[in-house]
Amino acid sequence: MGERGAVAVEAAIIFPLLVVLFFGTLEFGLLFRNNHSISAASRSGARVASALPRDDDYHLAARDAVTAALGRVPDANIDQLIVFKANGNLRDGDPTTCRTSECYKFTWDENSGSWNDPQGGWSARDQEACGGLNDTDYVGVYVEGHYDWATGLFGSSRKLSETTVMRLEPLPLSSTCR
């Protein structure tokens with residue numbers, strides 16, 4: 001009879017640990033999925049924006065590419081999107097503080113389920129896409145969202161963000177180059 005009591009005590013100790021392990025695996029799996037989706041969306045937006053130098057709607061095309069790539073992330077988990085003029089080595093910069101003349105800032109409206117009109121702007125006319133490697137601008141796309149923990153075991157929310165920077169595709173000299 002004493003052994004049955006020992007088994008019950010062992011089960012009472014192990015069961016909470018197994019529950020935490022199970023939910024931890026589930027939570028972190030969902031976090032990684034959302035983080036991957038945000039990274040893929042940032043790359044997709046940057047690819048589209050870099051392929052459309054001197055196109056007046058390049059920022060809208062980038063926004064649409066990001067939106068399409070975010071299909072697996074719930075709408076409520078996306079916060080903002082910034083399409084900006086970048087340095088070629090911008091990995092340590094902060095696109096959220098860009099000058100309004102060098103970026104488009106979109107914010108997500110949870111009520112309408114769409115992006116608000118952008119603030120700021122980097123005019124397509126001001127893009128340098130006719131020179132060599134050192135004379136061509138870079139475009140960056142920053143996507144920010146958050147992940148709300150379902151169980152609350154690991155906190156309430158975690159910020160997710162990704163920045164992708166790509167060089168504008170060079171235009172042929174016979175086109176709109178100055």
# chains A, B, ... in the order shown; residues from 1 in each chain; ligands from 1

call {"tool": "select_by_dssp", "arguments": {"residues": "range 32-163 of chain A", "states": "strand (DSSP E or B)", "output": "ChimeraX atom specification"}}
result
/A:78-86,103-109,114-115,119-120,138-148,157-163

call {"tool": "closest_atom_pairs", "arguments": {"of": "range 131-150 of chain A", "to": "range 164-167 of chain A", "cutoff": "9 Å", "atoms": "only C-alpha atoms", "output": "Markdown table"}}
result
| residue | atom | partner | partner_atom | distance |
| --- | --- | --- | --- | --- |
| A:Leu133 | CA | A:Arg167 | CA | 8.6 |
| A:Thr136 | CA | A:Arg167 | CA | 7.0 |
| A:Asp137 | CA | A:Arg167 | CA | 6.2 |
| A:Tyr138 | CA | A:Arg167 | CA | 4.2 |
| A:Val139 | CA | A:Met166 | CA | 5.6 |
| A:Gly140 | CA | A:Val165 | CA | 4.1 |
| A:Val141 | CA | A:Thr164 | CA | 5.4 |
| A:Tyr142 | CA | A:Thr164 | CA | 6.6 |
| A:Val143 | CA | A:Thr164 | CA | 8.9 |

call {"tool": "write_last_selection", "arguments": {"atoms": "all heavy atoms", "output": "mmCIF file, in the first residue's frame"}}
result
data_model
loop_
_atom_site.group_PDB
_atom_site.id
_atom_site.type_symbol
_atom_site.label_atom_id
_atom_site.label_comp_id
_atom_site.auth_asym_id
_atom_site.auth_seq_id
_atom_site.Cartn_x
_atom_site.Cartn_y
_atom_site.Cartn_z
ATOM 1 N N LEU A 133 27.909 50.846 -57.763
ATOM 2 C CA LEU A 133 27.624 50.279 -56.447
ATOM 3 C C LEU A 133 27.598 51.345 -55.353
ATOM 4 O O LEU A 133 26.738 51.333 -54.479
ATOM 5 C CB LEU A 133 28.664 49.207 -56.117
ATOM 6 C CG LEU A 133 28.479 48.446 -54.817
ATOM 7 C CD1 LEU A 133 27.143 47.705 -54.832
ATOM 8 C CD2 LEU A 133 29.621 47.478 -54.612
ATOM 9 N N THR A 136 24.361 54.152 -55.664
ATOM 10 C CA THR A 136 22.977 53.690 -55.710
ATOM 11 C C THR A 136 22.433 53.604 -54.287
ATOM 12 O O THR A 136 23.114 53.138 -53.388
ATOM 13 C CB THR A 136 22.889 52.309 -56.386
ATOM 14 O OG1 THR A 136 23.442 52.417 -57.700
ATOM 15 C CG2 THR A 136 21.456 51.841 -56.504
ATOM 16 N N ASP A 137 21.208 54.076 -54.108
ATOM 17 C CA ASP A 137 20.583 54.053 -52.788
ATOM 18 C C ASP A 137 20.153 52.646 -52.387
ATOM 19 O O ASP A 137 20.008 51.753 -53.228
ATOM 20 C CB ASP A 137 19.345 54.963 -52.770
ATOM 21 C CG ASP A 137 19.706 56.438 -52.753
ATOM 22 O OD1 ASP A 137 20.798 56.788 -52.256
ATOM 23 O OD2 ASP A 137 18.885 57.244 -53.238
ATOM 24 N N TYR A 138 19.924 52.503 -51.108
ATOM 25 C CA TYR A 138 19.421 51.268 -50.533
ATOM 26 C C TYR A 138 18.053 51.539 -49.928
ATOM 27 O O TYR A 138 17.806 52.612 -49.386
ATOM 28 C CB TYR A 138 20.357 50.749 -49.440
ATOM 29 C CG TYR A 138 21.652 50.190 -49.970
ATOM 30 C CD1 TYR A 138 22.676 51.032 -50.381
ATOM 31 C CD2 TYR A 138 21.846 48.826 -50.064
ATOM 32 C CE1 TYR A 138 23.863 50.520 -50.870
ATOM 33 C CE2 TYR A 138 23.030 48.300 -50.550
ATOM 34 C CZ TYR A 138 24.036 49.163 -50.955
ATOM 35 O OH TYR A 138 25.207 48.647 -51.439
ATOM 36 N N VAL A 139 17.180 50.565 -50.024
ATOM 37 C CA VAL A 139 15.854 50.669 -49.421
ATOM 38 C C VAL A 139 15.755 49.613 -48.326
ATOM 39 O O VAL A 139 16.274 48.511 -48.460
ATOM 40 C CB VAL A 139 14.732 50.503 -50.470
ATOM 41 C CG1 VAL A 139 14.757 49.126 -51.101
ATOM 42 C CG2 VAL A 139 13.365 50.803 -49.881
ATOM 43 N N GLY A 140 15.112 50.011 -47.244
ATOM 44 C CA GLY A 140 14.927 49.087 -46.134
ATOM 45 C C GLY A 140 13.448 48.924 -45.821
ATOM 46 O O GLY A 140 12.647 49.830 -46.048
ATOM 47 N N VAL A 141 13.104 47.770 -45.311
ATOM 48 C CA VAL A 141 11.734 47.500 -44.869
ATOM 49 C C VAL A 141 11.818 46.947 -43.449
ATOM 50 O O VAL A 141 12.522 45.968 -43.199
ATOM 51 C CB VAL A 141 11.013 46.512 -45.806
ATOM 52 C CG1 VAL A 141 9.670 46.105 -45.234
ATOM 53 C CG2 VAL A 141 10.846 47.124 -47.185
ATOM 54 N N TYR A 142 11.117 47.611 -42.551
ATOM 55 C CA TYR A 142 11.067 47.230 -41.145
ATOM 56 C C TYR A 142 9.638 46.824 -40.821
ATOM 57 O O TYR A 142 8.698 47.572 -41.091
ATOM 58 C CB TYR A 142 11.485 48.419 -40.279
ATOM 59 C CG TYR A 142 11.285 48.232 -38.799
ATOM 60 C CD1 TYR A 142 12.218 47.549 -38.031
ATOM 61 C CD2 TYR A 142 10.171 48.771 -38.162
ATOM 62 C CE1 TYR A 142 12.046 47.398 -36.665
ATOM 63 C CE2 TYR A 142 9.992 48.629 -36.798
ATOM 64 C CZ TYR A 142 10.929 47.953 -36.055
ATOM 65 O OH TYR A 142 10.754 47.808 -34.705
ATOM 66 N N VAL A 143 9.473 45.633 -40.286
ATOM 67 C CA VAL A 143 8.153 45.136 -39.892
ATOM 68 C C VAL A 143 8.207 44.854 -38.394
ATOM 69 O O VAL A 143 9.131 44.193 -37.917
ATOM 70 C CB VAL A 143 7.773 43.849 -40.660
ATOM 71 C CG1 VAL A 143 6.418 43.340 -40.216
ATOM 72 C CG2 VAL A 143 7.787 44.093 -42.164
#

call {"tool": "residues_around", "arguments": {"residues": "Arg158 in chain A", "least_positions_apart": "4", "cutoff": "7 Å", "atoms": "only C-alpha atoms", "output": "mmCIF file with C-alpha atoms, in the first residue's frame"}}
result
data_model
loop_
_atom_site.group_PDB
_atom_site.id
_atom_site.type_symbol
_atom_site.label_atom_id
_atom_site.label_comp_id
_atom_site.auth_asym_id
_atom_site.auth_seq_id
_atom_site.Cartn_x
_atom_site.Cartn_y
_atom_site.Cartn_z
ATOM 1 C CA HIS A 146 4.158 41.238 -31.179
ATOM 2 C CA TYR A 147 3.328 37.812 -29.889
ATOM 3 C CA ASP A 148 0.846 37.451 -27.049
#

call {"tool": "residues_around", "arguments": {"residues": "Asn35 in chain A", "least_positions_apart": "6", "cutoff": "12 Å", "atoms": "only C-alpha atoms", "output": "PyMOL selection string"}}
result
chain A and resi 28-29+41-42+70+72-73+77-78+143-147+158-162

call {"tool": "residues_around", "arguments": {"residues": "Val20 in chain A", "least_positions_apart": "6", "cutoff": "12 Å", "atoms": "only C-alpha atoms", "output": "JSON, numbers by chain"}}
result
{"A": [13, 14, 26, 27, 28, 151, 152, 153, 154]}

call {"tool": "write_last_selection", "arguments": {"atoms": "N, CA, C and O atoms", "output": "compact mmCIF listing (two decimals), in the first residue's frame"}}
result
# COMPACT_ATOMS: atom_id res chain seq x y z
N ILE A 13 4.55 15.34 -8.57
CA ILE A 13 5.75 16.16 -8.82
C ILE A 13 6.03 16.27 -10.31
O ILE A 13 6.35 17.33 -10.83
N ILE A 14 5.92 15.17 -11.04
CA ILE A 14 6.27 15.13 -12.46
C ILE A 14 5.20 15.78 -13.34
O ILE A 14 5.52 16.44 -14.33
N LEU A 26 4.73 24.29 -27.15
CA LEU A 26 3.67 24.87 -27.98
C LEU A 26 3.84 26.38 -28.13
O LEU A 26 3.82 26.91 -29.24
N GLU A 27 4.05 27.08 -27.02
CA GLU A 27 4.20 28.54 -27.05
C GLU A 27 5.39 28.97 -27.89
O GLU A 27 5.28 29.86 -28.73
N PHE A 28 6.55 28.36 -27.65
CA PHE A 28 7.73 28.75 -28.39
C PHE A 28 7.64 28.37 -29.87
O PHE A 28 8.18 29.06 -30.73
N THR A 151 -0.56 31.19 -22.73
CA THR A 151 -0.72 30.69 -21.37
C THR A 151 -0.32 31.69 -20.30
O THR A 151 -0.73 31.56 -19.16
N GLY A 152 0.48 32.66 -20.64
CA GLY A 152 0.97 33.61 -19.65
C GLY A 152 2.10 33.06 -18.79
O GLY A 152 2.56 33.73 -17.88
N LEU A 153 2.57 31.86 -19.08
CA LEU A 153 3.65 31.26 -18.30
C LEU A 153 4.98 31.99 -18.51
O LEU A 153 5.85 31.94 -17.66
N PHE A 154 5.13 32.65 -19.64
CA PHE A 154 6.40 33.26 -20.00
C PHE A 154 6.29 34.78 -20.12
O PHE A 154 7.13 35.41 -20.74
